$ cat upload_14.txt   # compact mmCIF, C-alpha atoms
# COMPACT_ATOMS: atom_id res chain seq x y z
CA MET A 1380 10.91 -13.83 -28.90
CA GLU A 1381 8.54 -16.51 -27.68
CA VAL A 1382 11.22 -17.98 -25.45
CA ALA A 1383 11.91 -14.58 -23.91
CA ALA A 1384 8.19 -14.05 -23.29
CA PHE A 1385 7.89 -17.49 -21.69
CA TYR A 1386 10.76 -16.93 -19.28
CA GLY A 1387 9.69 -13.37 -18.55
CA PHE A 1388 6.16 -14.38 -17.59
CA SER A 1389 7.41 -17.42 -15.66
CA ILE A 1390 9.71 -15.20 -13.62
CA LEU A 1391 6.86 -12.73 -13.10
CA ALA A 1392 4.56 -15.47 -11.80
CA ILE A 1393 7.16 -17.07 -9.54
CA ALA A 1394 8.43 -13.74 -8.19
CA SER A 1395 4.91 -12.61 -7.30
CA ALA A 1396 4.25 -15.96 -5.63
CA LEU A 1397 7.42 -15.54 -3.57
CA PHE A 1398 6.31 -12.03 -2.68
CA ILE A 1399 3.04 -13.42 -1.31
CA LEU A 1400 5.02 -15.95 0.69
CA PHE A 1401 7.27 -13.33 2.31
CA SER A 1402 4.94 -10.34 2.63
CA LYS A 1403 3.42 -9.70 6.02
CA ASN A 1404 0.49 -7.69 4.71
CA LEU A 1405 -2.29 -9.70 3.11
CA ILE A 1406 -3.51 -6.86 0.91
CA TYR A 1407 -0.11 -6.68 -0.75
CA GLY A 1408 -0.26 -10.44 -1.08
CA ALA A 1409 -3.61 -10.20 -2.86
CA PHE A 1410 -2.25 -7.66 -5.32
CA ALA A 1411 0.80 -9.84 -5.92
CA LEU A 1412 -1.59 -12.71 -6.59
CA PHE A 1413 -3.07 -10.52 -9.34
CA LEU A 1414 0.35 -10.36 -11.02
CA ALA A 1415 0.80 -14.11 -10.57
CA PHE A 1416 -2.57 -14.79 -12.23
CA LEU A 1417 -1.61 -12.54 -15.15
CA GLY A 1418 1.66 -14.42 -15.55
CA VAL A 1419 -0.16 -17.76 -15.51
CA ALA A 1420 -2.66 -16.48 -18.09
CA ALA A 1421 0.24 -15.47 -20.33
CA LEU A 1422 1.69 -18.96 -19.94
CA TYR A 1423 -1.66 -20.41 -21.04
CA VAL A 1424 -1.61 -18.26 -24.16
CA LEU A 1425 1.97 -19.28 -24.89
CA ALA A 1426 0.91 -22.93 -24.60
CA GLY A 1427 -1.77 -22.36 -27.24
CA ALA A 1428 -4.77 -22.01 -24.94
CA ASP A 1429 -6.09 -18.59 -25.88
CA PHE A 1430 -9.63 -19.18 -24.60
CA LEU A 1431 -8.34 -20.40 -21.23
CA GLY A 1432 -6.09 -17.38 -20.89
CA VAL A 1433 -9.02 -15.00 -21.30
CA THR A 1434 -11.15 -17.15 -18.98
CA GLN A 1435 -8.41 -17.08 -16.37
CA ILE A 1436 -8.24 -13.30 -16.42
CA MET A 1437 -12.04 -12.93 -16.33
CA ILE A 1438 -12.78 -15.40 -13.56
CA TYR A 1439 -9.72 -15.10 -11.35
CA VAL A 1440 -8.95 -11.42 -11.64
CA GLY A 1441 -12.51 -10.23 -12.12
CA GLY A 1442 -14.21 -12.52 -9.65
CA ILE A 1443 -12.07 -14.46 -7.22
CA LEU A 1444 -9.50 -11.77 -6.49
CA VAL A 1445 -12.15 -9.13 -5.85
CA LEU A 1446 -13.89 -11.56 -3.49
CA LEU A 1447 -10.63 -12.25 -1.67
CA ILE A 1448 -9.90 -8.55 -1.23
CA PHE A 1449 -13.45 -8.06 0.07
CA GLY A 1450 -12.85 -10.87 2.53
CA ILE A 1451 -9.55 -9.41 3.73
CA MET A 1452 -11.14 -6.00 4.26
CA LEU A 1453 -14.20 -7.40 6.05
CA THR A 1454 -12.12 -9.39 8.53
CA GLN A 1455 -9.85 -6.62 9.73
CA LYS A 1456 -9.09 -7.01 13.37
CA THR A 1457 -7.62 -3.78 14.63
CA LYS A 1458 -8.55 -0.19 13.94
CA SER A 1459 -5.51 1.97 14.30
CA ASP A 1460 -3.74 4.74 12.47
CA ASP A 1461 -0.50 2.89 12.04
CA PRO A 1462 -0.58 1.55 8.49
CA LYS A 1463 1.79 -1.25 9.37
CA VAL A 1464 -0.65 -2.85 11.79
CA HIS A 1465 -3.44 -3.49 9.29
CA ASN A 1466 -3.81 -7.02 7.96
CA ARG A 1467 -0.58 -8.13 9.51
CA VAL A 1468 -0.10 -11.86 9.70
CA GLU A 1469 2.12 -13.08 12.45
CA ILE A 1470 4.06 -16.15 11.43
CA LEU A 1471 5.44 -18.57 13.96
CA ILE A 1472 9.04 -19.56 13.40
CA LYS A 1473 8.11 -23.23 13.73
CA ARG A 1474 5.60 -22.94 10.91
CA GLU A 1475 8.11 -21.07 8.81
CA ILE A 1476 10.57 -23.91 9.17
CA TRP A 1477 7.95 -26.54 8.40
CA GLY A 1478 6.66 -24.64 5.38
CA PHE A 1479 10.17 -24.16 4.04
CA LEU A 1480 11.07 -27.82 4.59
CA ILE A 1481 7.91 -29.24 3.02
CA GLY A 1482 7.93 -26.76 0.12
CA THR A 1483 11.56 -27.28 -0.85
CA GLY A 1484 11.36 -31.01 -0.21
CA LEU A 1485 8.38 -31.41 -2.52
CA PHE A 1486 10.03 -29.14 -5.09
CA VAL A 1487 13.24 -31.20 -5.17
CA PHE A 1488 11.15 -34.39 -5.41
CA LEU A 1489 9.07 -33.05 -8.31
CA ILE A 1490 12.15 -31.71 -10.13
CA LYS A 1491 13.80 -35.12 -9.87
CA ILE A 1492 10.72 -36.77 -11.32
CA ILE A 1493 10.36 -34.21 -14.13
CA ILE A 1494 14.05 -34.44 -15.09
CA SER A 1495 14.03 -38.23 -15.12
CA ALA A 1496 10.70 -38.51 -16.95
CA ASP A 1497 10.95 -39.08 -20.66
CA PHE A 1498 7.74 -37.94 -22.32
CA LYS A 1499 6.98 -39.30 -25.76
CA MET A 1500 4.35 -37.05 -27.29
CA ALA A 1501 2.23 -38.98 -29.73
CA GLY A 1502 -0.07 -36.32 -31.15
CA ASP A 1503 0.75 -33.38 -33.33
CA SER A 1504 1.56 -30.13 -31.70
CA ILE A 1505 -1.19 -27.56 -31.55
CA SER A 1506 -1.48 -25.29 -34.55
CA SER A 1507 -1.85 -21.55 -34.31
CA LYS A 1508 -5.58 -21.51 -34.97
CA SER A 1509 -8.02 -20.60 -32.23
CA THR A 1510 -9.16 -23.27 -29.77
CA ILE A 1511 -12.59 -21.76 -29.14
CA LYS A 1512 -14.37 -23.85 -31.77
CA THR A 1513 -12.93 -27.13 -30.53
CA ILE A 1514 -13.70 -26.31 -26.89
CA GLY A 1515 -17.28 -25.33 -27.73
CA VAL A 1516 -17.94 -28.45 -29.76
CA GLU A 1517 -16.38 -30.71 -27.12
CA LEU A 1518 -18.34 -29.04 -24.31
CA MET A 1519 -21.62 -29.51 -26.13
CA THR A 1520 -21.04 -33.09 -27.29
CA SER A 1521 -18.76 -35.40 -25.33
CA HIS A 1522 -18.49 -33.29 -22.16
CA LEU A 1523 -22.13 -32.33 -21.87
CA LEU A 1524 -22.75 -34.06 -18.52
CA PRO A 1525 -19.83 -32.40 -16.68
CA PHE A 1526 -20.89 -29.10 -18.22
CA GLU A 1527 -24.41 -29.41 -16.80
CA ILE A 1528 -23.04 -30.58 -13.44
CA ALA A 1529 -20.80 -27.51 -13.35
CA ALA A 1530 -23.84 -25.33 -14.00
CA ILE A 1531 -25.76 -26.94 -11.13
CA LEU A 1532 -22.69 -26.68 -8.89
CA LEU A 1533 -22.46 -22.95 -9.56
CA LEU A 1534 -26.15 -22.47 -8.79
CA VAL A 1535 -25.89 -24.42 -5.54
CA THR A 1536 -22.77 -22.45 -4.61
CA LEU A 1537 -24.52 -19.15 -5.26
CA VAL A 1538 -27.49 -20.03 -3.08
CA GLY A 1539 -25.35 -21.64 -0.38
CA ALA A 1540 -22.86 -18.79 -0.13
CA ALA A 1541 -25.62 -16.19 0.03
CA TYR A 1542 -27.34 -18.17 2.79
CA LEU A 1543 -24.13 -18.74 4.75
CA ALA A 1544 -22.98 -15.14 4.60
CA MET A 1545 -26.41 -13.78 5.52
CA ASN A 1546 -26.45 -11.78 8.72
CA ARG A 1547 -28.83 -13.66 11.00
CA ASN A 1548 -28.51 -11.26 13.88
CA PRO A 1549 -29.26 -7.73 12.69
CA ALA A 1550 -28.51 -6.27 16.12
CA SER A 1551 -24.82 -7.11 16.00
CA MET B 838 4.66 -22.93 -31.02
CA THR B 839 6.82 -25.91 -30.11
CA SER B 840 10.03 -24.08 -29.34
CA ILE B 841 9.57 -24.37 -25.57
CA PRO B 842 10.01 -27.93 -24.29
CA ILE B 843 7.32 -29.28 -22.01
CA HIS B 844 9.79 -29.76 -19.15
CA HIS B 845 10.01 -26.04 -18.66
CA TYR B 846 6.27 -25.71 -18.23
CA LEU B 847 6.35 -28.55 -15.72
CA ILE B 848 9.20 -26.99 -13.75
CA VAL B 849 7.45 -23.61 -13.56
CA ALA B 850 4.26 -25.35 -12.44
CA ALA B 851 6.16 -27.36 -9.81
CA ALA B 852 7.74 -24.18 -8.44
CA LEU B 853 4.37 -22.40 -8.26
CA PHE B 854 2.77 -25.43 -6.60
CA CYS B 855 5.46 -25.66 -3.93
CA ILE B 856 5.32 -21.92 -3.21
CA GLY B 857 1.54 -22.19 -2.88
CA LEU B 858 1.92 -25.11 -0.50
CA ALA B 859 4.42 -23.15 1.62
CA ILE B 860 2.01 -20.18 1.70
CA ALA B 861 -0.86 -22.41 2.80
CA ILE B 862 1.31 -23.85 5.58
CA THR B 863 2.91 -20.70 6.94
CA LYS B 864 0.13 -18.09 6.84
CA ARG B 865 -1.87 -17.85 10.04
CA HIS B 866 -4.87 -16.32 8.34
CA PHE B 867 -7.75 -18.08 6.62
CA ILE B 868 -7.57 -15.89 3.55
CA GLY B 869 -3.81 -16.33 3.35
CA ILE B 870 -4.40 -20.07 3.19
CA LEU B 871 -6.96 -19.49 0.43
CA LEU B 872 -4.39 -17.48 -1.55
CA GLY B 873 -2.02 -20.44 -1.36
CA ILE B 874 -4.69 -22.88 -2.49
CA GLU B 875 -5.56 -20.69 -5.47
CA LEU B 876 -1.91 -20.62 -6.47
CA MET B 877 -1.71 -24.42 -6.25
CA LEU B 878 -4.80 -24.84 -8.44
CA ASN B 879 -3.26 -22.51 -11.02
CA ALA B 880 -0.03 -24.49 -11.03
CA VAL B 881 -1.96 -27.69 -11.73
CA ASN B 882 -3.78 -25.97 -14.56
CA ILE B 883 -0.46 -25.04 -16.17
CA ASN B 884 0.42 -28.73 -16.31
CA LEU B 885 -2.91 -29.64 -17.88
CA VAL B 886 -2.65 -26.91 -20.51
CA ALA B 887 0.96 -27.77 -21.30
CA PHE B 888 0.08 -31.41 -22.00
CA SER B 889 -3.02 -30.38 -23.92
CA ARG B 890 -0.70 -28.72 -26.46
CA TYR B 891 -0.13 -32.16 -27.97
CA ASP B 892 -3.82 -32.99 -28.23
CA PRO B 893 -5.21 -30.44 -30.69
CA GLU B 894 -8.21 -32.47 -31.85
CA ARG B 895 -9.87 -33.08 -28.49
CA LEU B 896 -8.18 -30.64 -26.06
CA SER B 897 -9.00 -32.79 -23.03
CA GLY B 898 -6.46 -31.01 -20.87
CA GLN B 899 -7.88 -27.58 -21.58
CA LEU B 900 -11.41 -28.77 -20.85
CA PHE B 901 -10.21 -30.26 -17.56
CA ALA B 902 -8.52 -26.96 -16.71
CA LEU B 903 -11.77 -25.14 -17.49
CA PHE B 904 -13.68 -27.32 -15.03
CA VAL B 905 -10.92 -26.83 -12.45
CA ILE B 906 -11.39 -23.06 -12.77
CA VAL B 907 -15.16 -23.41 -12.31
CA VAL B 908 -14.77 -25.57 -9.20
CA ALA B 909 -12.13 -23.19 -7.81
CA ALA B 910 -14.53 -20.27 -8.17
CA ALA B 911 -17.25 -22.21 -6.34
CA GLU B 912 -14.83 -23.26 -3.61
CA VAL B 913 -13.58 -19.73 -2.96
CA THR B 914 -17.11 -18.36 -2.73
CA VAL B 915 -18.25 -20.90 -0.14
CA ALA B 916 -14.96 -20.63 1.79
CA LEU B 917 -15.28 -16.86 2.05
CA ALA B 918 -18.86 -17.13 3.26
CA ILE B 919 -17.76 -19.59 5.95
CA ILE B 920 -14.81 -17.36 6.91
CA LEU B 921 -17.13 -14.38 7.34
CA ARG B 922 -19.45 -16.42 9.59
CA VAL B 923 -16.51 -17.72 11.64
CA TYR B 924 -15.12 -14.21 11.97
CA GLY B 925 -18.47 -12.91 13.13
CA TYR B 926 -18.66 -15.61 15.78
CA PHE B 927 -15.09 -15.99 17.05
CA LYS B 928 -13.76 -12.50 16.10
CA SER B 929 -10.66 -14.19 14.80
CA VAL B 930 -9.22 -15.35 11.49
CA ASP B 931 -6.44 -17.43 12.97
CA PRO B 932 -6.99 -21.15 12.34
CA ASP B 933 -5.13 -21.97 15.57
CA GLU B 934 -7.70 -20.13 17.66
CA VAL B 935 -10.73 -21.58 15.91
CA ASP B 936 -10.61 -25.20 16.91
CA GLU B 937 -14.06 -25.78 18.33
CA LEU B 938 -17.45 -25.93 16.72
CA LYS B 939 -18.97 -24.06 19.63
CA GLN B 940 -17.35 -21.54 21.90
$ encode --input "upload_14.txt" --output "structure tokens"
Amino acid sequence: MEVAAFYGFSILAIASALFILFSKNLIYGAFALFLAFLGVAALYVLAGADFLGVTQIMIYVGGILVLLIFGIMLTQKTKSDDPKVHNRVEILIKREIWGFLIGTGLFVFLIKIIISADFKMAGDSISSKSTIKTIGVELMTSHLLPFEIAAILLLVTLVGAAYLAMNRNPAS
Amino acid sequence: MTSIPIHHYLIVAAALFCIGLAIAITKRHFIGILLGIELMLNAVNINLVAFSRYDPERLSGQLFALFVIVVAAAEVTVALAIILRVYGYFKSVDPDEVDELKQ
């Protein structure tokens, strides 16, 4: 059952990623990215990270994906009635070849490394209990400094993004 | 919980990472490149979470993945703000056409 779920969600994530790669319309790509994020969240849960799975859905699907779709819609070039023209991304054949070569080359390289690697896991495997308590305690004790830095980073990002995206020329 | 070997997680993550890299290379659109980068960050997070399965007392991998998610959110926000400014100035989202700081 668990094995079937793992392979099902893996195939879902990889198939949606391939759909983004081959689709010409960025809006479809963004919606396929939604499916890919859901598949990755399911993989987190299957690996015993329940809190991270929920965080992934909340932040990526609720925040980042909505922002990306806003960005795609705000940067539309052409206004026309033909639905196939909107958001089209022209891809040069040279870039296609380079992307294919680099992607498959890196994939073969990584697969060789993963197959030849022999991991000896020292610790016990995770039990079925929730990870929220451990994550909370770790965040508030040994990882307190990165936690605070992340908070400041988010504040700076908020102010900076609002300032950058501000329309300085109201006439245009 | 341990029925799936860790190699399978790593192979899925490697496939997602390479697809994300190919997306970031081939798309001629700033937001298309961002989609690829997001996919690559997710693939890295799968690796971290998969290794964190064997570290139930401290969960270092999951904490690292949490910080990666936070930084990814910050990165996307700033990148979109910059893309909107660049689009307002150059009227283009093609990285090949935007190669100067000033027009």
$ residues_around --input "upload_14.txt" --residues "Ile883 of chain B" --least-positions-apart "4" --cutoff "9 Å" --atoms "only C-alpha atoms" --output "number ranges by chain"
A: 1419, 1422-1423, 1426; B: 846-847, 849-850, 878-879, 887-888, 902
$ residues_around --input "upload_14.txt" --residues "Gly898 of chain B" --least-positions-apart "5" --cutoff "9 Å" --atoms "all atoms listed in the file" --output "ChimeraX atom specification"
/B:882,884-890,892,903
$ interface_residues --input "upload_14.txt" --of "chain B" --to "chain A" --cutoff "6 Å" --atoms "only C-alpha atoms" --output "list in words"
Cys855, Ala859, Ile860, Ile862, Thr863, Ala887, Arg890, Tyr891, Asp892, Pro893, Ala911, Val915 and Ala918 of chain B
$ atom_distance --input "upload_14.txt" --atom1 "atom CA of Ala851 of chain B" --atom2 "atom CA of Lys1499 of chain A"
19.9 Å
$ atom_distance --input "upload_14.txt" --atom1 "atom CA of Met1519 of chain A" --atom2 "atom CA of Ser897 of chain B"
13.4 Å
$ residues_around --input "upload_14.txt" --residues "Tyr926 of chain B" --least-positions-apart "3" --cutoff "10 Å" --atoms "only C-alpha atoms" --output "list in words"
Ile920, Leu921, Arg922, Val923, Ser929, Val935, Lys939 and Gln940 of chain B
$ closest_residue --input "upload_14.txt" --among "A:Val1433, A:Ile1492, A:Leu1523, A:Met1452" --to "Val930 of chain B" --atoms "all atoms listed in the file"
A:Met1452
